[in-house]
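In what follows, a structure is listed as structure tokens, so that the remarks can point back to it.
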Amino acid sequence: MGTFWGPDFAALERDDPEIAAVLLDELARQRQTLQLVASESFASPAVLTALGSTLANKYAEGYPGSRYYGGCAQVDRAEELAVARARELFGAEHANVQPHSGASANLAVYAALAEPGDPVLALGLPHGGHLTHGSRANFSGKWFHPIAYRVDPRTEEIDYDEVRDLALAHRPKLIICGSASYSRLIDFARFREIADEVGAYLMVDAAHVIGLVAGRAVPSPVPHADVVTCTTHKALRGPRGGMILCRADLGRRVDKAVFPFAQGGPMMHSVAAKAVALREAGTAAFREYAQQTVRNARALAAGLAAEGMRPVTGGTDTHLALLDVRELGVCGRDVEARCARARIALNKNAIPYDPEKPAVASGVRVGTPGVTSQGMREDEMRRIAGLIGAAARSDPAAAGGAGRLDEVAEEVSELVRRFPIYAEQEAMA
Ligand code: DSN
């Protein structure tokens with residue numbers, strides 16, 4: 001028996017130098033950029049190893065012990081470990097680790113709990129909802145009857161009274177909460193009360209916060225929701241993919257909705273990598289990372305406020321902050337472009353009641369899972385806020401603007417060099 005487990009970079013360089021170059025260039029980009037996209041972080045070498053393994057070769061339609069292919073004994077073990085670890089980490093009665101993505105997980109939950117045409121109540125897209133929460137461009141808005149709740153225009157926090165009023169008026173089959181740009185804790189118990197009052201299922205889309213839940217940095221939705229969907233990348237630092245946690249009595253419906261309704265063969269290399277990430281997420285080191293991620297987001301939001309970028313809702317309880325940049329006389333699109341020139345990766349984002357189109361946007365979103373994984377802390381967040389502020393104020397078309405962006409890029413390079421990613425593996429190679 002050899003110990004070859006999969007990746008062989010020398011073979012890739014020899015057989016496909018173009019793709020080998022892409023891999024190297026992307027590693028260089030990740031190393032040389034300040035990574036502030038709130039939905040990204042850095043998976044461990046152990047996760048990447050499982051992801052690049054020979055498990056990618058295996059078909060395994062079905063579930064452990066009941067597959068439509070032979071030779072599944074090893075991948076069964078991987079899936080059983082992933083399910084057991086997910087259930088233990090989150091205290092969930094049932095877990096399905098096969099969804100290829102968060103969107104696939106959400107599709108499966110609609111299929112499990114609702115019929116086409118049923119009313120579904122969720123946060124509107126312009127207020128921080130997801131495409132799969134009822135956008136007309138998505139299956140959720142085309143095949144179901146979406147009803148959108150909003151945030152309060154004054155506090156910019158979820159208007160729970162409006163949620164209840166809409167629930168009473170429309171009697172939705174499914175109520176959804178969870179957001180990609182909402183920086184405050186969601187009152188899951190309040191959503192539970194509203195769902196119970198109207199006889200609706202409650203689905204929490206915890207894609208953004210599930211890593212913080214694993215690390216005990218924010219309260220868990222699991223005790224309150226009928227179903228929790230999530231991704232396994234983002235702050236959880238696993239492979240790109242999805243997962244569903246639910247009550248035991250819904251388990252069979254959810255499993256059948258994932259396979260055979262929504263998906264065919266599961267990606268067993270990804271399932272194994274999810275198992276690795278779920279084990280890592282149960283460690284004290286992960287809890288410290290999750291809690292520092294929130295402390296860093298608070299420091300970054302406060303620093304950006306001092307730079308003239310107003311945190312929506314006034315701050316953050318999570319890993320992300322949404323900033324209204326209008327006071328600087330720029331739009332979100334320009335801030336994203338200027339930051340990109342200065343080697344800072346973040347994204348433009350609509351703010352609630354945004355007068356601009358989404359492609360322009362009045363805000364930007366920042367998140368701290370990536371920089372926290374690199375070991376940065378509050379001091380670095382204050383420095384990063386200054387760099388973002390300087391980049392945002394530097395118009396490359398104005399005199400001196402391009403030069404100033406180059407200076408910021410130089411400062412970014414100096415900062416990220418002190419916090420290298422995958423440095424240990426580099427040293428061993
Ligand atoms: N695309 C994800 C994000 O960036 O938040 C949500 O699906």
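Within each chain, counting starts at residue 1; across the structure tokens, chains are named A, B, ... in the order shown, with ligands numbered 1 upward in that order.
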What residues of the protein or nucleic acid chains come within 7 Å of ligand 1 when you use only C-alpha atoms and all ligand atoms? Reply as a PyMOL selection string. chain A and resi 38-39+130+180+208
As a ChimeraX atom specification, please: every residue in range 154-367 of chain A that a backbone DSSP assignment puts in helix (DSSP H, G or I). /A:160-170,188-198,210-214,234-236,248-262,268-280,284-306,312-314,326-328,332-341
Work out how far apart CA of Gly62 in chain A and CA of Ala112 in chain A are and give it in Å to one decimal. 16.7 Å
Tell me, as an NGL selection string, which residues lie within 9 Å of Leu300 in chain A, counting only C-alpha atoms; anything in the same chain fewer than 5 positions away does not count. :A and (295 or 305 or 321 or 366-368 or 378 or 380-385)
Suppose we keep all heavy atoms; can you now write the selection as a tab-separated table (two decimals), in the first residue's frame?
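The resulting file, out.tsv, is reproduced below:
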chain	number	residue	atom	x	y	z
A	295	ARG	N	-15.16	40.12	17.72
A	295	ARG	CA	-14.47	41.30	18.29
A	295	ARG	C	-13.83	42.13	17.18
A	295	ARG	O	-13.87	43.36	17.19
A	295	ARG	CB	-13.40	40.85	19.31
A	295	ARG	CG	-13.96	40.27	20.60
A	295	ARG	CD	-12.89	40.16	21.68
A	295	ARG	NE	-11.92	39.11	21.43
A	295	ARG	CZ	-12.03	37.84	21.85
A	295	ARG	NH1	-13.09	37.46	22.55
A	295	ARG	NH2	-11.09	36.95	21.59
A	305	ALA	N	-16.49	53.72	10.98
A	305	ALA	CA	-17.37	54.83	11.35
A	305	ALA	C	-16.53	56.10	11.52
A	305	ALA	O	-16.90	57.19	11.06
A	305	ALA	CB	-18.13	54.50	12.63
A	321	ALA	N	-20.01	43.75	8.79
A	321	ALA	CA	-20.61	45.07	8.94
A	321	ALA	C	-21.00	45.57	7.56
A	321	ALA	O	-20.33	45.27	6.56
A	321	ALA	CB	-19.64	46.04	9.60
A	366	VAL	N	-18.21	44.36	4.73
A	366	VAL	CA	-16.91	43.81	5.11
A	366	VAL	C	-17.13	42.70	6.13
A	366	VAL	O	-18.11	42.71	6.87
A	366	VAL	CB	-15.97	44.88	5.74
A	366	VAL	CG1	-15.59	45.93	4.71
A	366	VAL	CG2	-16.60	45.53	6.96
A	367	GLY	N	-16.20	41.75	6.14
A	367	GLY	CA	-16.29	40.67	7.12
A	367	GLY	C	-14.90	40.28	7.59
A	367	GLY	O	-13.91	40.49	6.88
A	368	THR	N	-14.84	39.70	8.79
A	368	THR	CA	-13.54	39.45	9.40
A	368	THR	C	-13.12	37.97	9.53
A	368	THR	O	-12.05	37.72	10.10
A	368	THR	CB	-13.50	40.10	10.80
A	368	THR	OG1	-14.66	39.68	11.54
A	368	THR	CG2	-13.47	41.60	10.70
A	378	GLU	N	-7.62	43.34	17.02
A	378	GLU	CA	-8.24	44.67	16.97
A	378	GLU	C	-7.29	45.76	16.45
A	378	GLU	O	-7.71	46.65	15.72
A	378	GLU	CB	-8.78	45.08	18.35
A	378	GLU	CG	-10.05	44.35	18.77
A	378	GLU	CD	-9.77	43.09	19.57
A	378	GLU	OE1	-8.73	42.43	19.33
A	378	GLU	OE2	-10.60	42.75	20.43
A	380	GLU	N	-4.95	45.54	14.26
A	380	GLU	CA	-4.90	45.47	12.79
A	380	GLU	C	-6.22	45.97	12.18
A	380	GLU	O	-6.22	46.58	11.12
A	380	GLU	CB	-4.63	44.04	12.32
A	380	GLU	CG	-3.20	43.57	12.48
A	380	GLU	CD	-2.84	43.21	13.91
A	380	GLU	OE1	-3.73	42.70	14.62
A	380	GLU	OE2	-1.68	43.43	14.33
A	381	MET	N	-7.35	45.71	12.88
A	381	MET	CA	-8.64	46.17	12.34
A	381	MET	C	-8.67	47.69	12.25
A	381	MET	O	-9.16	48.27	11.29
A	381	MET	CB	-9.82	45.69	13.21
A	381	MET	CG	-9.98	44.18	13.27
A	381	MET	SD	-10.04	43.38	11.66
A	381	MET	CE	-8.55	42.39	11.70
A	382	ARG	N	-8.12	48.35	13.29
A	382	ARG	CA	-8.11	49.82	13.26
A	382	ARG	C	-7.24	50.30	12.09
A	382	ARG	O	-7.59	51.25	11.39
A	382	ARG	CB	-7.59	50.37	14.60
A	382	ARG	CG	-8.64	50.21	15.72
A	382	ARG	CD	-8.19	50.85	17.02
A	382	ARG	NE	-7.44	49.93	17.87
A	382	ARG	CZ	-8.01	49.06	18.70
A	382	ARG	NH1	-9.31	48.98	18.82
A	382	ARG	NH2	-7.28	48.25	19.45
A	383	ARG	N	-6.15	49.61	11.87
A	383	ARG	CA	-5.27	50.00	10.75
A	383	ARG	C	-5.99	49.76	9.42
A	383	ARG	O	-5.92	50.59	8.50
A	383	ARG	CB	-3.99	49.17	10.85
A	383	ARG	CG	-3.05	49.39	9.74
A	383	ARG	CD	-1.60	49.52	10.18
A	383	ARG	NE	-0.80	49.86	9.02
A	383	ARG	CZ	0.18	49.10	8.54
A	383	ARG	NH1	0.51	47.99	9.18
A	383	ARG	NH2	0.83	49.46	7.46
A	384	ILE	N	-6.68	48.61	9.31
A	384	ILE	CA	-7.39	48.28	8.07
A	384	ILE	C	-8.48	49.33	7.79
A	384	ILE	O	-8.68	49.75	6.65
A	384	ILE	CB	-7.99	46.86	8.15
A	384	ILE	CG1	-6.87	45.81	8.12
A	384	ILE	CG2	-8.98	46.61	7.02
A	384	ILE	CD1	-7.34	44.39	8.41
A	385	ALA	N	-9.16	49.76	8.85
A	385	ALA	CA	-10.20	50.79	8.66
A	385	ALA	C	-9.58	52.04	8.04
A	385	ALA	O	-10.15	52.64	7.12
A	385	ALA	CB	-10.87	51.11	10.00
Interatomic distance, CA of Val47 in chain A to CA of Gln292 in chain A (Å, one decimal):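 A separation of 21.4 Å between them.
Closest approach to Thr132 in chain A from the set A:Thr229, A:Val37, A:Gly70, A:Val254 is made by A:Thr229, with distances taken over only C-alpha atoms.
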Could you build a table of the residues in range 210-281 of chain A lying no more than 9 Å from range 89-107 of chain A, giving for each the nearest pair of atoms and their separation in Å rounded to one decimal place, using only C-alpha atoms, ordered by chain and ascending residue number, as a Markdown table?
| residue | atom | partner | partner_atom | distance |
| --- | --- | --- | --- | --- |
| A:Val213 | CA | A:Phe90 | CA | 7.9 |
| A:Ala214 | CA | A:Leu89 | CA | 6.6 |
| A:Ser220 | CA | A:Phe90 | CA | 7.8 |
| A:Val222 | CA | A:Ala92 | CA | 6.6 |
| A:Pro223 | CA | A:Ala92 | CA | 8.1 |
| A:Thr229 | CA | A:Ala105 | CA | 6.2 |
| A:Cys230 | CA | A:Gly102 | CA | 5.5 |
| A:Thr231 | CA | A:Gly102 | CA | 4.9 |
| A:Thr232 | CA | A:Ser101 | CA | 8.2 |
| A:Arg240 | CA | A:Ser101 | CA | 6.8 |
| A:Gly241 | CA | A:Ser101 | CA | 4.1 |
| A:Gly242 | CA | A:Ser101 | CA | 4.1 |
| A:Met243 | CA | A:Val97 | CA | 4.7 |
| A:Ile244 | CA | A:Asn96 | CA | 5.1 |
| A:Leu245 | CA | A:Ala95 | CA | 4.5 |
| A:Cys246 | CA | A:His94 | CA | 5.2 |
| A:Arg247 | CA | A:Glu93 | CA | 5.3 |
| A:Ala248 | CA | A:Glu93 | CA | 5.1 |
| A:Asp249 | CA | A:His94 | CA | 8.6 |
| A:Leu250 | CA | A:His94 | CA | 8.2 |
| A:Gly251 | CA | A:His94 | CA | 5.8 |
| A:Val254 | CA | A:Asn96 | CA | 7.8 |
| A:Asp255 | CA | A:Asn96 | CA | 6.6 |
| A:Ala257 | CA | A:Leu107 | CA | 8.3 |
| A:Val258 | CA | A:Pro99 | CA | 6.6 |
| A:Phe259 | CA | A:Gln98 | CA | 8.4 |
| A:Ala262 | CA | A:Leu107 | CA | 7.2 |
| A:Gln263 | CA | A:Pro99 | CA | 7.7 |
| A:Gly265 | CA | A:Gln98 | CA | 8.7 |
| A:Pro266 | CA | A:Gln98 | CA | 5.5 |
| A:Met267 | CA | A:Gln98 | CA | 7.3 |
| A:Met268 | CA | A:Gln98 | CA | 8.3 |
| A:Ser270 | CA | A:His100 | CA | 8.5 |
| A:Val271 | CA | A:Val97 | CA | 6.5 |
| A:Lys274 | CA | A:Val97 | CA | 7.7 |
| A:Ala275 | CA | A:Val97 | CA | 8.9 |
| A:Leu278 | CA | A:Leu89 | CA | 7.4 |
| A:Arg279 | CA | A:Leu89 | CA | 8.4 |
| A:Ala281 | CA | A:Leu89 | CA | 7.9 |
Nearest to Ala273 in chain A, restricted to only C-alpha atoms and choosing among A:Asp379, A:Glu79, A:Glu288, A:Asp196, comes out as A:Glu79
I'd like the contact shell of Ile186 in chain A - 12 Å cut-off, only C-alpha atoms, skipping same-chain residues fewer than 6 positions apart - returned as a short mmCIF file (atom, residue, chain, number, x, y, z; two decimals) with N, CA and C atoms, in the first residue's frame.
data_model
loop_
_atom_site.label_atom_id
_atom_site.label_comp_id
_atom_site.auth_asym_id
_atom_site.auth_seq_id
_atom_site.Cartn_x
_atom_site.Cartn_y
_atom_site.Cartn_z
N LEU A 123 -37.22 37.78 4.51
CA LEU A 123 -36.66 39.13 4.40
C LEU A 123 -36.42 39.45 2.92
N VAL A 151 -36.72 45.71 7.07
CA VAL A 151 -36.17 46.23 8.32
C VAL A 151 -36.84 47.57 8.59
N GLU A 157 -33.19 47.59 11.87
CA GLU A 157 -33.26 46.21 12.39
C GLU A 157 -34.58 45.59 11.95
N ILE A 158 -34.66 44.25 12.00
CA ILE A 158 -35.87 43.56 11.54
C ILE A 158 -37.07 44.09 12.30
N ASP A 159 -38.13 44.37 11.56
CA ASP A 159 -39.36 44.87 12.16
C ASP A 159 -40.24 43.64 12.49
N TYR A 160 -40.10 43.14 13.72
CA TYR A 160 -40.79 41.89 14.10
C TYR A 160 -42.32 42.07 14.11
N ILE A 176 -38.96 32.32 6.75
CA ILE A 176 -37.50 32.21 6.65
C ILE A 176 -36.85 33.41 7.30
N CYS A 177 -35.81 33.17 8.10
CA CYS A 177 -34.97 34.28 8.54
C CYS A 177 -33.51 33.90 8.34
N GLY A 178 -32.65 34.89 8.32
CA GLY A 178 -31.23 34.66 8.01
C GLY A 178 -30.86 35.57 6.86
N SER A 179 -29.65 36.11 6.89
CA SER A 179 -29.29 37.15 5.92
C SER A 179 -27.80 37.14 5.61
N ARG A 192 -39.97 32.02 16.20
CA ARG A 192 -40.64 30.76 16.56
C ARG A 192 -42.08 31.03 17.01
N VAL A 204 -34.36 28.63 9.38
CA VAL A 204 -33.31 29.64 9.57
C VAL A 204 -32.20 29.34 8.56
N ASP A 205 -31.94 30.30 7.70
CA ASP A 205 -30.82 30.17 6.77
C ASP A 205 -29.61 30.77 7.50
N ALA A 206 -28.81 29.88 8.08
CA ALA A 206 -27.71 30.32 8.95
C ALA A 206 -26.37 30.29 8.21
N VAL A 209 -23.85 32.74 9.64
CA VAL A 209 -23.45 32.73 11.06
C VAL A 209 -23.11 31.34 11.60
N VAL A 218 -22.18 33.35 18.88
CA VAL A 218 -23.54 33.91 18.79
C VAL A 218 -24.52 32.80 19.16
N PRO A 219 -25.75 33.15 19.56
CA PRO A 219 -26.72 32.11 19.94
C PRO A 219 -27.10 31.20 18.76
N SER A 220 -27.47 29.97 19.09
CA SER A 220 -27.80 28.99 18.05
C SER A 220 -29.27 29.07 17.66
N PRO A 221 -29.55 28.95 16.35
CA PRO A 221 -30.95 28.88 15.92
C PRO A 221 -31.55 27.48 16.07
N HIS A 224 -34.70 26.60 18.08
CA HIS A 224 -35.92 27.33 17.73
C HIS A 224 -36.51 26.95 16.38
N THR A 316 -22.29 46.09 14.90
CA THR A 316 -22.42 44.67 14.55
C THR A 316 -22.33 43.78 15.77
N ASP A 317 -23.04 42.65 15.69
CA ASP A 317 -22.92 41.59 16.71
C ASP A 317 -22.29 40.34 16.10
N THR A 318 -21.91 40.41 14.83
CA THR A 318 -21.49 39.20 14.12
C THR A 318 -20.11 39.40 13.49
#
Could you list, as an mmCIF file with all heavy atoms, in the first residue's frame, every residue within 7 Å of Ala301 in chain A, counting only C-alpha atoms and ignoring same-chain residues fewer than 2 positions away?
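Wrote selection-v6.cif, looks like this:
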data_model
loop_
_atom_site.group_PDB
_atom_site.id
_atom_site.type_symbol
_atom_site.label_atom_id
_atom_site.label_comp_id
_atom_site.auth_asym_id
_atom_site.auth_seq_id
_atom_site.Cartn_x
_atom_site.Cartn_y
_atom_site.Cartn_z
ATOM 1 N N ALA A 297 -14.785 42.304 14.043
ATOM 2 C CA ALA A 297 -15.812 42.992 13.233
ATOM 3 C C ALA A 297 -16.264 44.259 13.945
ATOM 4 O O ALA A 297 -16.472 45.298 13.306
ATOM 5 C CB ALA A 297 -16.982 42.053 12.967
ATOM 6 N N ARG A 298 -16.398 44.166 15.268
ATOM 7 C CA ARG A 298 -16.810 45.367 16.026
ATOM 8 C C ARG A 298 -15.751 46.463 15.895
ATOM 9 O O ARG A 298 -16.068 47.637 15.689
ATOM 10 C CB ARG A 298 -16.991 45.019 17.501
ATOM 11 C CG ARG A 298 -18.228 44.191 17.742
ATOM 12 C CD ARG A 298 -18.707 44.366 19.192
ATOM 13 N NE ARG A 298 -19.962 43.657 19.350
ATOM 14 C CZ ARG A 298 -20.117 42.526 20.052
ATOM 15 N NH1 ARG A 298 -19.096 41.991 20.695
ATOM 16 N NH2 ARG A 298 -21.284 41.947 20.127
ATOM 17 N N ALA A 299 -14.485 46.066 16.035
ATOM 18 C CA ALA A 299 -13.401 47.058 15.938
ATOM 19 C C ALA A 299 -13.331 47.649 14.536
ATOM 20 O O ALA A 299 -13.125 48.865 14.369
ATOM 21 C CB ALA A 299 -12.065 46.397 16.304
ATOM 22 N N GLY A 303 -13.923 51.510 13.539
ATOM 23 C CA GLY A 303 -12.866 52.223 12.805
ATOM 24 C C GLY A 303 -13.402 52.832 11.520
ATOM 25 O O GLY A 303 -13.064 53.974 11.160
ATOM 26 N N LEU A 304 -14.257 52.114 10.829
ATOM 27 C CA LEU A 304 -14.819 52.631 9.573
ATOM 28 C C LEU A 304 -15.778 53.788 9.847
ATOM 29 O O LEU A 304 -15.856 54.739 9.055
ATOM 30 C CB LEU A 304 -15.508 51.499 8.801
ATOM 31 C CG LEU A 304 -14.523 50.472 8.207
ATOM 32 C CD1 LEU A 304 -15.264 49.242 7.703
ATOM 33 C CD2 LEU A 304 -13.687 51.084 7.087
ATOM 34 N N ALA A 305 -16.494 53.720 10.976
ATOM 35 C CA ALA A 305 -17.372 54.834 11.348
ATOM 36 C C ALA A 305 -16.530 56.102 11.516
ATOM 37 O O ALA A 305 -16.904 57.188 11.058
ATOM 38 C CB ALA A 305 -18.127 54.504 12.628
ATOM 39 N N PRO A 311 -21.893 52.580 9.924
ATOM 40 C CA PRO A 311 -22.366 51.191 10.017
ATOM 41 C C PRO A 311 -23.895 51.160 10.084
ATOM 42 O O PRO A 311 -24.497 51.825 10.929
ATOM 43 C CB PRO A 311 -21.761 50.683 11.335
ATOM 44 C CG PRO A 311 -20.669 51.636 11.669
ATOM 45 C CD PRO A 311 -21.091 52.963 11.094
ATOM 46 N N GLY A 315 -23.767 49.302 14.170
ATOM 47 C CA GLY A 315 -22.640 48.443 14.564
ATOM 48 C C GLY A 315 -22.868 47.006 14.156
ATOM 49 O O GLY A 315 -23.574 46.729 13.185
ATOM 50 N N ALA A 321 -20.010 43.749 8.794
ATOM 51 C CA ALA A 321 -20.613 45.070 8.944
ATOM 52 C C ALA A 321 -21.002 45.566 7.561
ATOM 53 O O ALA A 321 -20.329 45.269 6.564
ATOM 54 C CB ALA A 321 -19.637 46.044 9.605
#
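Closest approach to Pro239 in chain A from the set A:Ala207, A:Val276, A:Val75, A:Ala82 is made by A:Val276, with distances taken over only C-alpha atoms.
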What separation in Å, quoted to one decimal, exists between CA of Ile421 in chain A and CA of Ala21 in chain A?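 Between CA of Ile421 in chain A and CA of Ala21 in chain A the gap is 18.4 Å.
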Nearest residue to Ala86 in chain A from the set A:Ile388, A:Leu236, A:Val325, A:Val120 (distances using only C-alpha atoms):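 Ranking A:Ile388, A:Leu236, A:Val325, A:Val120 by distance to Ala86 in chain A, first place goes to A:Leu236.
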Just list as a PyMOL selection string whatever in range 103-317 of chain A DSSP marks as strand (DSSP E or B). chain A and resi 119-123+145-149+151+158+174-177+201-205+227-231+242-246+310-311
Filtering to C-alpha atoms, could you give me those residues as an mmCIF file, in the first residue's frame?
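Written output follows (selection.cif):
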data_model
loop_
_atom_site.group_PDB
_atom_site.id
_atom_site.type_symbol
_atom_site.label_atom_id
_atom_site.label_comp_id
_atom_site.auth_asym_id
_atom_site.auth_seq_id
_atom_site.Cartn_x
_atom_site.Cartn_y
_atom_site.Cartn_z
ATOM 1 C CA PRO A 119 -46.874 31.561 0.466
ATOM 2 C CA VAL A 120 -43.375 31.944 1.915
ATOM 3 C CA LEU A 121 -42.483 34.873 4.178
ATOM 4 C CA ALA A 122 -38.846 36.031 4.140
ATOM 5 C CA LEU A 123 -36.656 39.131 4.403
ATOM 6 C CA HIS A 145 -45.590 32.974 -3.539
ATOM 7 C CA PRO A 146 -43.038 35.254 -1.865
ATOM 8 C CA ILE A 147 -44.016 37.787 0.764
ATOM 9 C CA ALA A 148 -41.242 40.104 1.939
ATOM 10 C CA TYR A 149 -40.758 41.645 5.347
ATOM 11 C CA VAL A 151 -36.167 46.231 8.319
ATOM 12 C CA ILE A 158 -35.866 43.563 11.536
ATOM 13 C CA LEU A 174 -42.786 28.651 5.583
ATOM 14 C CA ILE A 175 -41.172 31.575 7.383
ATOM 15 C CA ILE A 176 -37.499 32.208 6.649
ATOM 16 C CA CYS A 177 -34.967 34.284 8.536
ATOM 17 C CA TYR A 201 -42.585 26.021 9.528
ATOM 18 C CA LEU A 202 -39.566 28.096 10.558
ATOM 19 C CA MET A 203 -36.430 27.797 8.454
ATOM 20 C CA VAL A 204 -33.313 29.641 9.568
ATOM 21 C CA ASP A 205 -30.815 30.175 6.766
ATOM 22 C CA VAL A 227 -34.951 23.409 9.873
ATOM 23 C CA VAL A 228 -31.592 25.181 9.742
ATOM 24 C CA THR A 229 -29.779 25.427 6.426
ATOM 25 C CA CYS A 230 -26.218 26.597 6.015
ATOM 26 C CA THR A 231 -23.094 26.556 3.940
ATOM 27 C CA GLY A 242 -24.242 23.052 2.113
ATOM 28 C CA MET A 243 -25.795 21.280 5.082
ATOM 29 C CA ILE A 244 -29.241 20.915 6.639
ATOM 30 C CA LEU A 245 -29.994 20.421 10.351
ATOM 31 C CA CYS A 246 -33.540 19.591 11.385
ATOM 32 C CA ARG A 310 -21.755 54.739 8.722
ATOM 33 C CA PRO A 311 -22.366 51.191 10.017
#
For Asn349 in chain A, list every protein, DNA or RNA residue within 10 Å, evaluated using only C-alpha atoms, and leave out those in the same chain fewer than 6 positions away; present the list as a list in words.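 Close residues of Asn349 in chain A: Pro126, Gly128, Ala180, Ser181, Leu322, Leu323, Asp324, Cys331, Gly332, Arg333, Glu336, Lys357, Pro358, Ala359, Val360, Ala361, Ser362, Gly363, Val364, Arg365 and Val366 of chain A.
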Neighbouring residues of range 33-35 of chain A were defined as those with any atom within 7 Å, considering only C-alpha atoms; residues of the same chain fewer than 3 positions away were excluded. Please report them as a PyMOL selection string. chain A and resi 29-30+343-345+370-371+412+416
Export, as a PDB file, in the first residue's frame, the selected residues with N, CA and C atoms.
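Everything below was put into result.pdb:
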ATOM      1  N   ARG A  29      -2.658  35.647  -4.931  1.00  0.00           N
ATOM      2  CA  ARG A  29      -3.671  36.692  -4.725  1.00  0.00           C
ATOM      3  C   ARG A  29      -4.205  36.648  -3.292  1.00  0.00           C
ATOM      4  N   GLN A  30      -4.503  35.430  -2.817  1.00  0.00           N
ATOM      5  CA  GLN A  30      -5.038  35.324  -1.458  1.00  0.00           C
ATOM      6  C   GLN A  30      -4.011  35.784  -0.428  1.00  0.00           C
ATOM      7  N   ARG A 343      -5.564  46.478  -3.275  1.00  0.00           N
ATOM      8  CA  ARG A 343      -5.415  45.084  -2.798  1.00  0.00           C
ATOM      9  C   ARG A 343      -6.282  44.786  -1.578  1.00  0.00           C
ATOM     10  N   ILE A 344      -7.436  45.403  -1.504  1.00  0.00           N
ATOM     11  CA  ILE A 344      -8.380  45.114  -0.424  1.00  0.00           C
ATOM     12  C   ILE A 344      -9.628  44.533  -1.082  1.00  0.00           C
ATOM     13  N   ALA A 345      -9.975  43.279  -0.742  1.00  0.00           N
ATOM     14  CA  ALA A 345     -11.141  42.635  -1.353  1.00  0.00           C
ATOM     15  C   ALA A 345     -12.343  42.771  -0.432  1.00  0.00           C
ATOM     16  N   GLY A 370     -11.761  35.919   7.386  1.00  0.00           N
ATOM     17  CA  GLY A 370     -10.472  35.675   6.720  1.00  0.00           C
ATOM     18  C   GLY A 370      -9.314  36.271   7.502  1.00  0.00           C
ATOM     19  N   VAL A 371      -9.391  37.549   7.796  1.00  0.00           N
ATOM     20  CA  VAL A 371      -8.258  38.205   8.475  1.00  0.00           C
ATOM     21  C   VAL A 371      -8.069  37.651   9.889  1.00  0.00           C
ATOM     22  N   VAL A 412      -0.849  47.683   2.476  1.00  0.00           N
ATOM     23  CA  VAL A 412      -1.552  46.394   2.588  1.00  0.00           C
ATOM     24  C   VAL A 412      -0.545  45.250   2.459  1.00  0.00           C
ATOM     25  N   VAL A 416      -0.110  42.270   5.213  1.00  0.00           N
ATOM     26  CA  VAL A 416      -0.423  40.843   5.000  1.00  0.00           C
ATOM     27  C   VAL A 416       0.838  39.979   5.041  1.00  0.00           C
TER      28      VAL A 416
END
